[in-house]
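Novice: One file is attached below, start14.csv, containing CSV, C-alpha atoms and all ligand atoms.
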```csv
chain,number,residue,atom,x,y,z
A,164,MET,CA,22.1,-8.5,-4.8
A,165,LEU,CA,24.7,-8.4,-7.6
A,166,SER,CA,23.3,-11.5,-9.2
A,167,ALA,CA,19.7,-10.1,-8.8
A,168,LEU,CA,20.8,-7.0,-10.7
A,169,ASP,CA,21.8,-9.2,-13.6
A,170,LEU,CA,18.3,-10.6,-13.9
A,171,PRO,CA,16.5,-8.7,-16.7
A,172,GLY,CA,13.1,-10.1,-16.0
A,173,ASN,CA,10.2,-8.4,-14.2
A,174,ALA,CA,9.0,-10.5,-11.3
A,175,SER,CA,5.4,-10.3,-12.6
A,176,SER,CA,6.2,-11.6,-16.1
A,177,VAL,CA,5.4,-15.2,-16.9
A,178,HIS,CA,8.4,-15.9,-19.1
A,179,ALA,CA,11.5,-17.7,-17.8
A,180,GLU,CA,13.3,-14.3,-17.1
A,181,GLY,CA,10.3,-13.2,-15.1
A,182,ARG,CA,10.1,-16.4,-13.2
A,183,ALA,CA,13.8,-16.2,-12.2
A,184,ALA,CA,13.2,-12.7,-10.8
A,185,ARG,CA,10.0,-13.9,-9.0
A,186,ALA,CA,12.0,-16.8,-7.4
A,187,VAL,CA,14.5,-14.3,-5.9
A,188,VAL,CA,11.6,-12.3,-4.5
A,189,ALA,CA,9.9,-15.5,-3.2
A,190,ARG,CA,13.1,-16.6,-1.4
A,191,ALA,CA,13.6,-13.2,0.2
A,192,ARG,CA,9.9,-13.3,1.3
A,193,GLU,CA,10.6,-16.6,3.1
A,194,GLN,CA,13.8,-15.2,4.7
A,195,VAL,CA,12.0,-12.1,6.1
A,196,ALA,CA,9.0,-14.2,7.2
A,197,ALA,CA,11.3,-16.6,9.1
A,198,LEU,CA,12.9,-13.7,11.0
A,199,CYS,CA,9.4,-12.8,12.4
A,200,GLY,CA,8.1,-16.3,12.9
A,201,THR,CA,5.4,-16.1,10.3
A,202,SER,CA,4.5,-17.4,6.8
A,203,SER,CA,5.9,-15.8,3.6
A,204,ALA,CA,2.3,-15.2,2.5
A,205,HIS,CA,2.1,-12.5,5.2
A,206,VAL,CA,5.0,-10.4,4.0
A,207,VAL,CA,4.3,-7.3,1.8
A,208,PHE,CA,7.4,-5.6,0.5
A,209,ALA,CA,7.6,-1.8,0.4
A,210,SER,CA,10.2,0.9,-0.3
A,211,SER,CA,10.9,1.5,3.4
A,212,ALA,CA,9.5,1.0,6.9
A,213,THR,CA,8.1,4.6,6.6
A,214,GLU,CA,6.0,3.5,3.6
A,215,ALA,CA,4.9,0.4,5.5
A,216,ALA,CA,3.9,2.6,8.4
A,217,CYS,CA,1.8,4.8,6.1
A,218,HIS,CA,0.3,1.7,4.6
A,219,ILE,CA,-0.8,0.2,7.9
A,220,LEU,CA,-1.7,3.3,9.9
A,221,THR,CA,-5.0,3.9,8.2
A,222,PRO,CA,-8.6,4.1,9.3
A,223,SER,CA,-9.6,1.8,6.4
A,224,PHE,CA,-9.2,-1.9,6.7
A,225,ARG,CA,-10.9,-4.9,5.1
A,226,MET,CA,-11.7,-8.2,6.9
A,227,GLY,CA,-12.0,-10.3,3.8
A,228,ARG,CA,-14.4,-8.2,1.7
A,229,ALA,CA,-16.0,-6.4,4.6
A,230,PRO,CA,-14.8,-2.9,5.4
A,231,VAL,CA,-13.5,-2.3,8.9
A,232,ARG,CA,-13.2,1.2,10.3
A,233,VAL,CA,-10.5,2.2,12.8
A,234,SER,CA,-11.4,5.4,14.6
A,235,ARG,CA,-8.6,5.9,17.1
A,236,LEU,CA,-4.8,5.5,16.8
A,237,LEU,CA,-2.8,5.3,20.0
A,238,VAL,CA,0.9,5.9,19.7
A,239,SER,CA,3.6,6.2,22.3
A,240,ALA,CA,5.2,9.6,22.6
A,241,VAL,CA,8.7,8.2,21.7
A,242,GLU,CA,7.7,6.6,18.4
A,243,HIS,CA,9.9,7.1,15.3
A,244,PRO,CA,8.4,10.1,13.3
A,245,CYS,CA,7.0,7.6,10.7
A,246,MET,CA,4.6,6.3,13.4
A,247,LEU,CA,4.2,9.5,15.3
A,248,ALA,CA,2.9,11.2,12.2
A,249,GLY,CA,-0.1,8.9,12.3
A,250,GLY,CA,0.0,7.7,8.7
A,251,ARG,CA,-3.4,8.2,7.0
A,252,PHE,CA,-5.2,9.0,10.3
A,253,PRO,CA,-6.4,12.6,10.7
A,254,ALA,CA,-4.5,14.4,13.5
A,255,GLU,CA,-7.6,14.5,15.7
A,256,ALA,CA,-7.8,10.7,15.7
A,257,VAL,CA,-4.3,10.2,17.1
A,258,THR,CA,-3.7,10.1,20.9
A,259,GLN,CA,-0.2,10.1,22.3
A,260,VAL,CA,0.5,8.0,25.3
A,261,GLY,CA,3.3,9.1,27.6
A,262,VAL,CA,6.4,7.2,28.8
A,263,ASP,CA,8.4,6.9,32.0
A,264,ARG,CA,11.9,8.4,32.6
A,265,ASP,CA,13.5,5.4,30.8
A,266,GLY,CA,11.2,5.7,27.8
A,267,ARG,CA,8.8,2.8,28.5
A,268,ILE,CA,5.2,3.3,27.7
A,269,ASP,CA,3.0,4.2,30.7
A,270,LEU,CA,0.7,1.2,30.9
A,271,ASP,CA,-1.8,3.0,33.2
A,272,ALA,CA,-2.1,5.9,30.7
A,273,LEU,CA,-2.6,3.3,27.9
A,274,GLU,CA,-5.4,1.7,29.9
A,275,ALA,CA,-7.0,5.1,30.4
A,276,ALA,CA,-6.8,5.8,26.7
A,277,ILE,CA,-8.3,2.4,25.9
A,278,ALA,CA,-11.1,3.1,28.4
A,279,ALA,CA,-11.8,6.5,26.8
A,280,HIS,CA,-12.3,5.0,23.4
A,281,ASP,CA,-15.9,4.5,22.2
A,282,PRO,CA,-16.1,1.2,20.3
A,283,ALA,CA,-19.2,2.3,18.6
A,284,SER,CA,-17.1,4.9,16.6
A,285,GLY,CA,-14.9,2.1,15.2
A,286,GLN,CA,-11.9,0.0,16.2
A,287,LEU,CA,-8.9,1.0,18.2
A,288,MET,CA,-5.3,0.6,17.0
A,289,LEU,CA,-2.1,0.8,19.0
A,290,ALA,CA,1.2,1.6,17.2
A,291,LEU,CA,4.2,0.8,19.4
A,292,GLN,CA,7.8,0.3,18.8
A,293,HIS,CA,9.6,-2.8,20.0
A,294,ALA,CA,12.7,-0.8,20.7
A,295,ASN,CA,13.5,2.9,20.4
A,296,ASN,CA,15.9,4.2,17.8
A,297,GLU,CA,17.6,6.7,20.1
A,298,THR,CA,17.7,5.1,23.5
A,299,GLY,CA,17.4,1.4,22.5
A,300,THR,CA,14.7,1.1,25.3
A,301,VAL,CA,12.7,-2.0,24.8
A,302,GLN,CA,8.9,-1.6,25.2
A,303,PRO,CA,6.7,-3.9,27.2
A,304,VAL,CA,5.0,-4.8,23.9
A,305,ALA,CA,3.3,-8.0,24.9
A,306,GLU,CA,1.7,-6.4,28.0
A,307,ALA,CA,0.5,-3.4,26.0
A,308,ALA,CA,-0.7,-5.6,23.2
A,309,ALA,CA,-2.7,-7.8,25.6
A,310,LYS,CA,-4.6,-4.7,26.9
A,311,VAL,CA,-5.4,-3.5,23.4
A,312,ARG,CA,-6.4,-6.9,22.1
A,313,ALA,CA,-8.7,-7.4,25.1
A,314,ALA,CA,-10.5,-4.3,24.0
A,315,GLY,CA,-10.8,-5.8,20.4
A,316,GLY,CA,-8.1,-3.4,19.0
A,317,ILE,CA,-5.4,-3.9,16.4
A,318,VAL,CA,-1.7,-3.9,17.4
A,319,VAL,CA,1.0,-2.6,15.1
A,320,VAL,CA,4.7,-3.0,16.2
A,321,ASP,CA,7.6,-1.1,14.7
A,322,ALA,CA,10.2,-3.8,14.9
A,323,VAL,CA,12.7,-1.8,12.8
A,324,GLN,CA,15.3,-1.5,15.6
A,325,ALA,CA,14.6,-4.7,17.3
A,326,ALA,CA,14.8,-7.1,14.3
A,327,GLY,CA,18.2,-8.8,14.3
A,328,ARG,CA,19.0,-7.6,17.8
A,329,LEU,CA,16.2,-9.3,19.7
A,330,PRO,CA,14.0,-12.2,18.8
A,331,VAL,CA,11.0,-10.8,16.9
A,332,SER,CA,7.9,-13.0,16.9
A,333,LEU,CA,4.5,-11.7,15.9
A,334,GLU,CA,2.9,-14.3,18.2
A,335,ALA,CA,5.1,-13.7,21.3
A,336,LEU,CA,4.6,-9.9,20.9
A,337,GLY,CA,0.8,-10.3,20.4
A,338,ALA,CA,1.1,-8.2,17.3
A,339,ASP,CA,-1.2,-8.1,14.3
A,340,PHE,CA,1.3,-6.4,12.2
A,341,LEU,CA,5.0,-5.5,12.2
A,342,ILE,CA,7.0,-3.1,10.1
A,343,LEU,CA,10.7,-3.8,9.2
A,344,SER,CA,13.4,-1.9,7.4
A,345,ALA,CA,16.2,-3.6,5.4
A,346,HIS,CA,18.9,-1.1,6.2
A,347,LYS,CA,18.6,-1.5,9.9
A,348,LEU,CA,19.4,-5.2,9.5
A,349,GLY,CA,22.6,-4.6,7.5
A,350,GLY,CA,20.6,-4.8,4.2
A,351,PRO,CA,20.3,-2.1,1.5
A,352,LYS,CA,18.6,1.2,2.0
A,353,GLY,CA,15.2,1.6,0.2
A,354,ALA,CA,13.5,-1.7,1.2
A,355,GLY,CA,11.0,-2.4,4.0
A,356,ALA,CA,8.1,-4.6,4.7
A,357,LEU,CA,4.8,-4.9,6.3
A,358,VAL,CA,4.4,-8.3,8.0
A,359,ALA,CA,0.9,-9.4,9.0
A,360,SER,CA,-0.1,-12.2,11.4
A,361,GLY,CA,-2.8,-13.5,9.0
A,362,GLU,CA,-4.3,-12.8,5.6
A,363,ILE,CA,-7.9,-11.9,6.4
A,364,LEU,CA,-7.5,-8.5,8.1
A,365,MET,CA,-5.5,-6.1,5.8
A,366,PRO,CA,-5.3,-2.4,5.4
A,367,GLU,CA,-6.5,-0.6,2.2
A,368,PRO,CA,-3.5,-0.3,0.0
A,369,LEU,CA,-1.5,2.9,0.1
A,370,VAL,CA,0.0,2.4,-3.4
A,371,ARG,CA,-2.7,1.4,-5.9
A,372,GLY,CA,-2.3,0.2,-9.4
A,373,GLY,CA,-1.0,-3.1,-10.5
A,374,GLY,CA,-1.6,-6.4,-8.7
A,375,GLN,CA,2.0,-6.8,-7.3
A,376,GLU,CA,2.3,-8.0,-3.7
A,377,ARG,CA,-1.0,-9.8,-4.1
A,378,GLY,CA,-2.7,-6.4,-4.6
A,379,HIS,CA,-1.4,-4.9,-1.4
A,380,ARG,CA,1.3,-2.8,-2.9
A,381,ALA,CA,1.4,-1.9,-6.5
A,382,GLY,CA,4.5,-1.2,-8.5
A,383,THR,CA,7.3,-3.3,-10.0
A,384,GLU,CA,9.4,-4.9,-7.2
A,385,ASN,CA,13.0,-3.7,-6.6
A,386,VAL,CA,14.3,-7.2,-7.0
A,387,ALA,CA,17.9,-6.5,-6.0
A,388,ALA,CA,17.0,-4.5,-2.9
A,389,ILE,CA,14.5,-7.2,-1.9
A,390,ALA,CA,17.2,-9.9,-2.4
A,391,GLY,CA,19.5,-8.0,-0.1
A,392,PHE,CA,16.7,-7.6,2.4
A,393,GLY,CA,16.2,-11.3,2.5
A,394,ALA,CA,19.9,-12.1,2.8
A,395,ALA,CA,20.2,-9.6,5.6
A,396,ALA,CA,17.2,-11.0,7.4
A,397,GLU,CA,18.7,-14.5,7.3
A,398,ALA,CA,22.1,-13.2,8.5
A,399,ALA,CA,20.4,-11.2,11.3
A,400,ARG,CA,18.8,-14.4,12.6
A,401,ASP,CA,22.2,-15.9,13.0
A,402,ALA,CA,23.5,-12.8,14.6
A,403,LEU,CA,21.1,-13.1,17.5
A,404,SER,CA,23.5,-15.6,19.1
A,405,VAL,CA,26.1,-12.8,19.6
A,406,ALA,CA,23.6,-10.4,21.2
A,407,SER,CA,24.7,-11.1,24.8
A,408,ALA,CA,28.4,-10.7,23.9
A,409,ILE,CA,27.5,-7.3,22.4
A,410,SER,CA,25.6,-6.2,25.4
A,411,ALA,CA,28.4,-7.3,27.8
A,412,ARG,CA,30.8,-5.2,25.7
A,413,ARG,CA,28.4,-2.2,25.8
A,414,ASP,CA,27.9,-2.5,29.6
A,415,ALA,CA,31.7,-2.6,30.1
A,416,MET,CA,32.1,0.4,27.9
A,417,GLU,CA,29.5,2.3,29.9
A,418,ALA,CA,31.1,1.4,33.2
A,419,ARG,CA,34.4,2.9,31.9
A,420,MET,CA,32.5,6.0,30.7
A,421,ARG,CA,31.1,6.4,34.2
A,422,ALA,CA,34.6,6.0,35.7
A,423,ILE,CA,35.9,8.8,33.3
A,424,ALA,CA,32.9,11.1,33.8
A,425,PRO,CA,30.9,10.1,36.9
A,426,ASP,CA,28.2,12.7,35.9
A,427,VAL,CA,27.5,11.1,32.5
A,428,ILE,CA,23.8,10.5,32.0
A,429,VAL,CA,23.0,7.2,30.2
A,430,HIS,CA,19.4,7.5,29.0
A,431,GLY,CA,17.2,4.5,29.3
A,432,ALA,CA,19.7,2.6,31.5
A,433,GLY,CA,17.0,1.7,34.0
A,434,ALA,CA,15.0,-0.3,31.5
A,435,PRO,CA,15.8,-3.3,29.2
A,436,ARG,CA,17.6,-2.0,26.2
A,437,LEU,CA,18.8,-3.2,22.8
A,438,PRO,CA,22.2,-4.9,23.3
A,439,ASN,CA,24.1,-2.6,21.0
A,440,THR,CA,22.9,0.9,22.0
A,441,SER,CA,24.3,3.5,24.4
A,442,TYR,CA,22.7,7.0,24.5
A,443,PHE,CA,24.3,9.5,26.7
A,444,THR,CA,24.6,13.2,27.6
A,445,LEU,CA,27.7,14.8,29.2
A,446,PRO,CA,26.3,17.7,31.2
A,447,GLY,CA,27.5,21.0,29.8
A,448,LEU,CA,28.5,19.6,26.4
A,449,LYS,CA,26.2,19.9,23.4
A,450,ALA,CA,25.7,16.7,21.6
A,451,GLU,CA,26.5,18.3,18.2
A,452,THR,CA,29.8,19.5,19.5
A,453,ALA,CA,30.7,16.1,20.9
A,454,GLN,CA,29.6,14.5,17.6
A,455,ILE,CA,32.1,16.7,15.7
A,456,GLY,CA,34.8,15.8,18.2
A,457,PHE,CA,34.2,12.1,17.7
A,458,ASP,CA,34.1,12.5,14.0
A,459,MET,CA,37.5,14.2,14.0
A,460,GLU,CA,38.8,11.0,15.7
A,461,GLY,CA,37.2,8.9,13.0
A,462,ILE,CA,34.3,7.7,15.2
A,463,ALA,CA,30.9,7.8,13.7
A,464,VAL,CA,28.2,8.5,16.4
A,465,SER,CA,24.9,10.2,16.0
A,466,SER,CA,23.2,12.9,17.9
A,467,GLY,CA,19.6,12.1,18.2
A,468,SER,CA,18.3,9.9,15.5
A,469,ALA,CA,20.1,9.8,12.2
A,470,CYS,CA,16.7,10.2,10.4
A,471,SER,CA,16.2,13.6,12.1
A,472,SER,CA,19.7,14.8,12.3
A,473,GLY,CA,20.1,18.1,10.4
A,474,LYS,CA,16.6,18.9,11.7
A,475,VAL,CA,16.5,21.8,14.1
A,476,GLY,CA,14.8,21.0,17.4
A,477,ALA,CA,15.3,19.0,20.5
A,478,SER,CA,14.7,15.2,20.6
A,479,HIS,CA,11.0,14.4,21.2
A,480,VAL,CA,12.2,11.2,22.8
A,481,LEU,CA,14.3,12.9,25.5
A,482,LYS,CA,11.5,15.4,26.1
A,483,ALA,CA,8.9,12.6,26.5
A,484,MET,CA,11.2,11.0,29.0
A,485,GLY,CA,11.4,14.2,31.0
A,486,ALA,CA,15.1,14.5,30.4
A,487,ASP,CA,16.8,17.8,29.7
A,488,ALA,CA,16.7,17.8,26.0
A,489,ALA,CA,18.5,21.1,25.4
A,490,LEU,CA,22.0,19.6,25.1
A,491,GLY,CA,20.8,16.6,23.1
A,492,ALA,CA,22.5,13.2,23.4
A,493,ILE,CA,25.0,11.0,21.6
A,494,ARG,CA,24.1,7.6,20.4
A,495,VAL,CA,26.8,5.0,20.1
A,496,SER,CA,25.9,1.8,18.3
A,497,LEU,CA,28.0,-1.3,18.6
A,498,GLY,CA,27.8,-4.1,16.0
A,499,ARG,CA,29.0,-7.6,15.2
A,500,GLN,CA,32.2,-6.1,13.8
A,501,THR,CA,33.0,-3.9,16.7
A,502,THR,CA,36.4,-4.8,18.3
A,503,ASP,CA,38.0,-4.1,21.6
A,504,ALA,CA,40.3,-1.7,19.7
A,505,ASP,CA,37.2,0.3,18.5
A,506,ILE,CA,36.0,0.6,22.1
A,507,GLU,CA,39.4,1.8,23.3
A,508,ALA,CA,39.5,4.4,20.5
A,509,PHE,CA,36.0,5.5,21.5
A,510,LEU,CA,36.9,5.8,25.2
A,511,LYS,CA,40.1,7.7,24.4
A,512,ALA,CA,38.0,10.3,22.4
A,513,PHE,CA,35.4,10.3,25.2
A,514,ALA,CA,38.1,11.1,27.8
A,515,THR,CA,39.5,13.9,25.6
A,516,LEU,CA,36.1,15.5,25.1
A,517,ASN,CA,35.4,15.1,28.8
A,518,SER,CA,38.7,16.9,29.8
A,519,ARG,CA,37.9,19.7,27.5
A,520,ARG,CA,34.4,20.0,28.9
A,521,LEU,CA,35.7,20.1,32.5
A,522,SER,CA,38.3,22.8,31.7
A,523,ARG,CA,35.7,24.9,29.9
A,524,LEU,CA,33.2,24.5,32.8
A,525,ALA,CA,36.0,25.3,35.3
A,526,GLY,CA,36.8,28.5,33.3
A,527,GLU,CA,33.2,29.5,33.2
A,528,ASN,CA,32.8,29.0,36.9
A,529,ALA,CA,36.0,31.1,37.6
A,530,ALA,CA,34.8,33.9,35.3
B,601,LIG,N1,11.2,3.0,12.8
B,601,LIG,C1,12.4,3.1,13.5
B,601,LIG,C2,12.4,2.7,14.9
B,601,LIG,C3,13.6,3.5,12.8
B,601,LIG,O1,14.7,3.6,13.5
B,601,LIG,C4,13.5,3.9,11.4
B,601,LIG,C5,14.6,4.4,10.7
B,601,LIG,O2,15.6,4.8,11.3
B,601,LIG,C6,12.2,3.8,10.8
B,601,LIG,C7,11.2,3.3,11.5
B,601,LIG,C8,12.1,4.2,9.3
B,601,LIG,O3,12.7,3.2,8.5
B,601,LIG,P1,13.0,3.6,7.0
B,601,LIG,O4,14.3,4.3,6.9
B,601,LIG,O5,13.1,2.3,6.3
B,601,LIG,O6,11.8,4.4,6.5
```
Please express the file's structure as structure tokens.
Ligand code: PLP
Specialist:
Amino acid sequence: MLSALDLPGNASSVHAEGRAARAVVARAREQVAALCGTSSAHVVFASSATEAACHILTPSFRMGRAPVRVSRLLVSAVEHPCMLAGGRFPAEAVTQVGVDRDGRIDLDALEAAIAAHDPASGQLMLALQHANNETGTVQPVAEAAAKVRAAGGIVVVDAVQAAGRLPVSLEALGADFLILSAHKLGGPKGAGALVASGEILMPEPLVRGGGQERGHRAGTENVAAIAGFGAAAEAARDALSVASAISARRDAMEARMRAIAPDVIVHGAGAPRLPNTSYFTLPGLKAETAQIGFDMEGIAVSSGSACSSGKVGASHVLKAMGADAALGAIRVSLGRQTTDADIEAFLKAFATLNSRRLSRLAGENAA
């Protein structure tokens, strides 16, 4: 990124300086494509995954030059707000599909929603996350995608949380499009991508103007951020090899949490989850209070999703799972750099918060 910042050229310019910047963008495009098992010609860079979601979630597509109309968008009830908002679809064209208590999409409800769609009105689209940003729950994407594709629909997968933690292949998922975010892979904030499985079917551009990104996204590229995105995508591929070690550490951590507080609720624990995520509620303790307690011990955890923290209101993910959302939940994310000492420090803070919780609850019961 630092050397890209030193490049004065605009990636669209024909002079040597422009070509140097273009080469950086081209390399990053290959690195991002390799992460998703596709060709670099299918990657459209954007400013964020949110922008990529707004780009792809649209009723207006083109198959080559022919317009294609999408009349219904199905989203799971636990999507990130950028998908749940439905992009450029009118609210009445968006149907939410429920999830089970672990946060996995209800495939029967999905089938019913597909059956209720009238193909004469236009195509159907499913927008489904690969893994949830609060619980880490992994969706049965390939199964859901097969149902939608059998009905001739388009499948969009939010792979923001899964990329770099699980193998993400457009083909294996049965997806037509993926969205990605650089900063969830260890890259810089402010870069994302829309990745397509081919070049023929594409959404109408969201950002119109110049011909950058082969006309799919106008505006001069942020070369340094894109360079960082590419490098992070390459590093993330290598990191997949340590995923099982991270999940073993997470599972051991949760076993010790249960030993300290047998009533701790670990959300999504009954489903396959991302290796690095633990999302829990201690009954009687508000997540915001616990978060402050952890912060005072130098431990950065989040309550709900970081994107919506500071927002008043209970987690739509917990609500959709039928969990008691009033107290919220704490998300702990482990990473490649997490050490045993970090886990010990976390468990010590967890035990302290738990003791305070139990004393308070005992006092309340006595009163
Ligand atoms: N999708 C998921 C699952 C996310 O976790 C996030 C961000 O946290 C996004 C989409 C949005 O990504 P961005 O911050 O690049 O807009």
Novice: Tell me which protein, DNA and RNA residues are within 7 Å of segment 223-226 of chain A, counting only C-alpha atoms, leaving out same-chain ones fewer than 3 positions away, and put them as a count of residues only.
Specialist: 10
Novice: Around ligand LIG 601 (chain B), which protein and nucleic acid residues have at least one atom no more than 7 Å from it, if we count all atoms listed in the file? List them as a VMD selection string.
Specialist: chain A and resid 211 to 214 243 245 292 294 to 296 321 to 324 344 to 346 353 to 355 469 to 470
Novice: Pick out the closest residue to Ala492 of chain A from this set: A:Glu297, A:Glu242, A:Asp269, A:Asp281. Count all atoms listed in the file.
Specialist: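 The answer is A:Glu297, which sits nearest to Ala492 of chain A.
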Novice: Pick the closest to His280 of chain A from A:Gln454, A:Ala256, A:Ala216, A:Ser522: which is it, counting all atoms listed in the file?
Specialist: A:Ala256
Novice: Can you work out which one of A:Pro222, A:Gly447, A:Gly456, A:Gly374 has the shortest atom-to-atom distance to Pro253 of chain A, counting only C-alpha atoms?
Specialist: A:Pro222
Novice: Would you mind reading off the distance between atom CA of Pro438 of chain A and atom CA of Arg413 of chain A, one decimal, in Å?
Specialist: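 Interatomic distance, atom CA of Pro438 of chain A to atom CA of Arg413 of chain A: 7.2 Å.
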Novice: Residues within 6 Å of (0.9, 1.2, 15.9), file coordinates, counting all atoms listed in the file: what are they? Give the list as a list in words.
Specialist: Leu289, Ala290, Leu291, Val318, Val319 and Val320 of chain A
Novice: With only C-alpha atoms as the basis for distance, which of A:Lys449, A:Arg520, A:Arg182, A:Lys511 is at the shortest distance from Met420 of chain A?
Specialist: A:Lys511
Novice: My list of candidates is A:Ala278, A:Leu369, A:Leu236, A:Val241. Which is closest to Thr258 of chain A when distances are computed with all atoms listed in the file?
Specialist: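 The shortest atom-to-atom distance to Thr258 of chain A comes from A:Leu236.
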Novice: When distances are computed from all atoms listed in the file, which of A:Glu527, A:Glu460, A:Glu384, A:Glu451 shows the smallest separation from Asp505 of chain A?
Specialist: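 When distances to Asp505 of chain A are compared using all atoms listed in the file, the smallest one comes from A:Glu460.
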Novice: Do you know which residues are at most 9 Å from Ala489 of chain A counting all atoms listed in the file, after dropping those on the same chain fewer than 5 positions away, and could you put them as an NGL selection string?
Specialist: :A and (449 or 476-478)
Novice: Can you tell me, as a PyMOL selection string, what residues are no more than 7 Å from segment 330-341 of chain A when counting only C-alpha atoms, ignoring any on the same chain fewer than 5 positions away?
Specialist: chain A and resi 198-200+304-305+308-309+317-322+357-360
Novice: Would you mind exporting the chosen residues as an mmCIF file, in the frame of the given file, restricted to C-alpha atoms?
Specialist:
```cif
data_model
loop_
_atom_site.group_PDB
_atom_site.id
_atom_site.type_symbol
_atom_site.label_atom_id
_atom_site.label_comp_id
_atom_site.auth_asym_id
_atom_site.auth_seq_id
_atom_site.Cartn_x
_atom_site.Cartn_y
_atom_site.Cartn_z
ATOM 1 C CA LEU A 198 12.900 -13.700 11.000
ATOM 2 C CA CYS A 199 9.400 -12.800 12.400
ATOM 3 C CA GLY A 200 8.100 -16.300 12.900
ATOM 4 C CA VAL A 304 5.000 -4.800 23.900
ATOM 5 C CA ALA A 305 3.300 -8.000 24.900
ATOM 6 C CA ALA A 308 -0.700 -5.600 23.200
ATOM 7 C CA ALA A 309 -2.700 -7.800 25.600
ATOM 8 C CA ILE A 317 -5.400 -3.900 16.400
ATOM 9 C CA VAL A 318 -1.700 -3.900 17.400
ATOM 10 C CA VAL A 319 1.000 -2.600 15.100
ATOM 11 C CA VAL A 320 4.700 -3.000 16.200
ATOM 12 C CA ASP A 321 7.600 -1.100 14.700
ATOM 13 C CA ALA A 322 10.200 -3.800 14.900
ATOM 14 C CA LEU A 357 4.800 -4.900 6.300
ATOM 15 C CA VAL A 358 4.400 -8.300 8.000
ATOM 16 C CA ALA A 359 0.900 -9.400 9.000
ATOM 17 C CA SER A 360 -0.100 -12.200 11.400
#
```
Novice: For Gly372 of chain A, list every protein, DNA or RNA residue within 9 Å, evaluated using only C-alpha atoms, and leave out those in the same chain fewer than 4 positions away; present the list as a list in words.
Specialist: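 The residues satisfying every condition are Gly378, Arg380, Ala381 and Gly382 of chain A.
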Novice: Could you tell me how far atom CA of Ala432 of chain A sits from atom CA of Asp263 of chain A, in Å to one decimal place?
Specialist: 12.1 Å
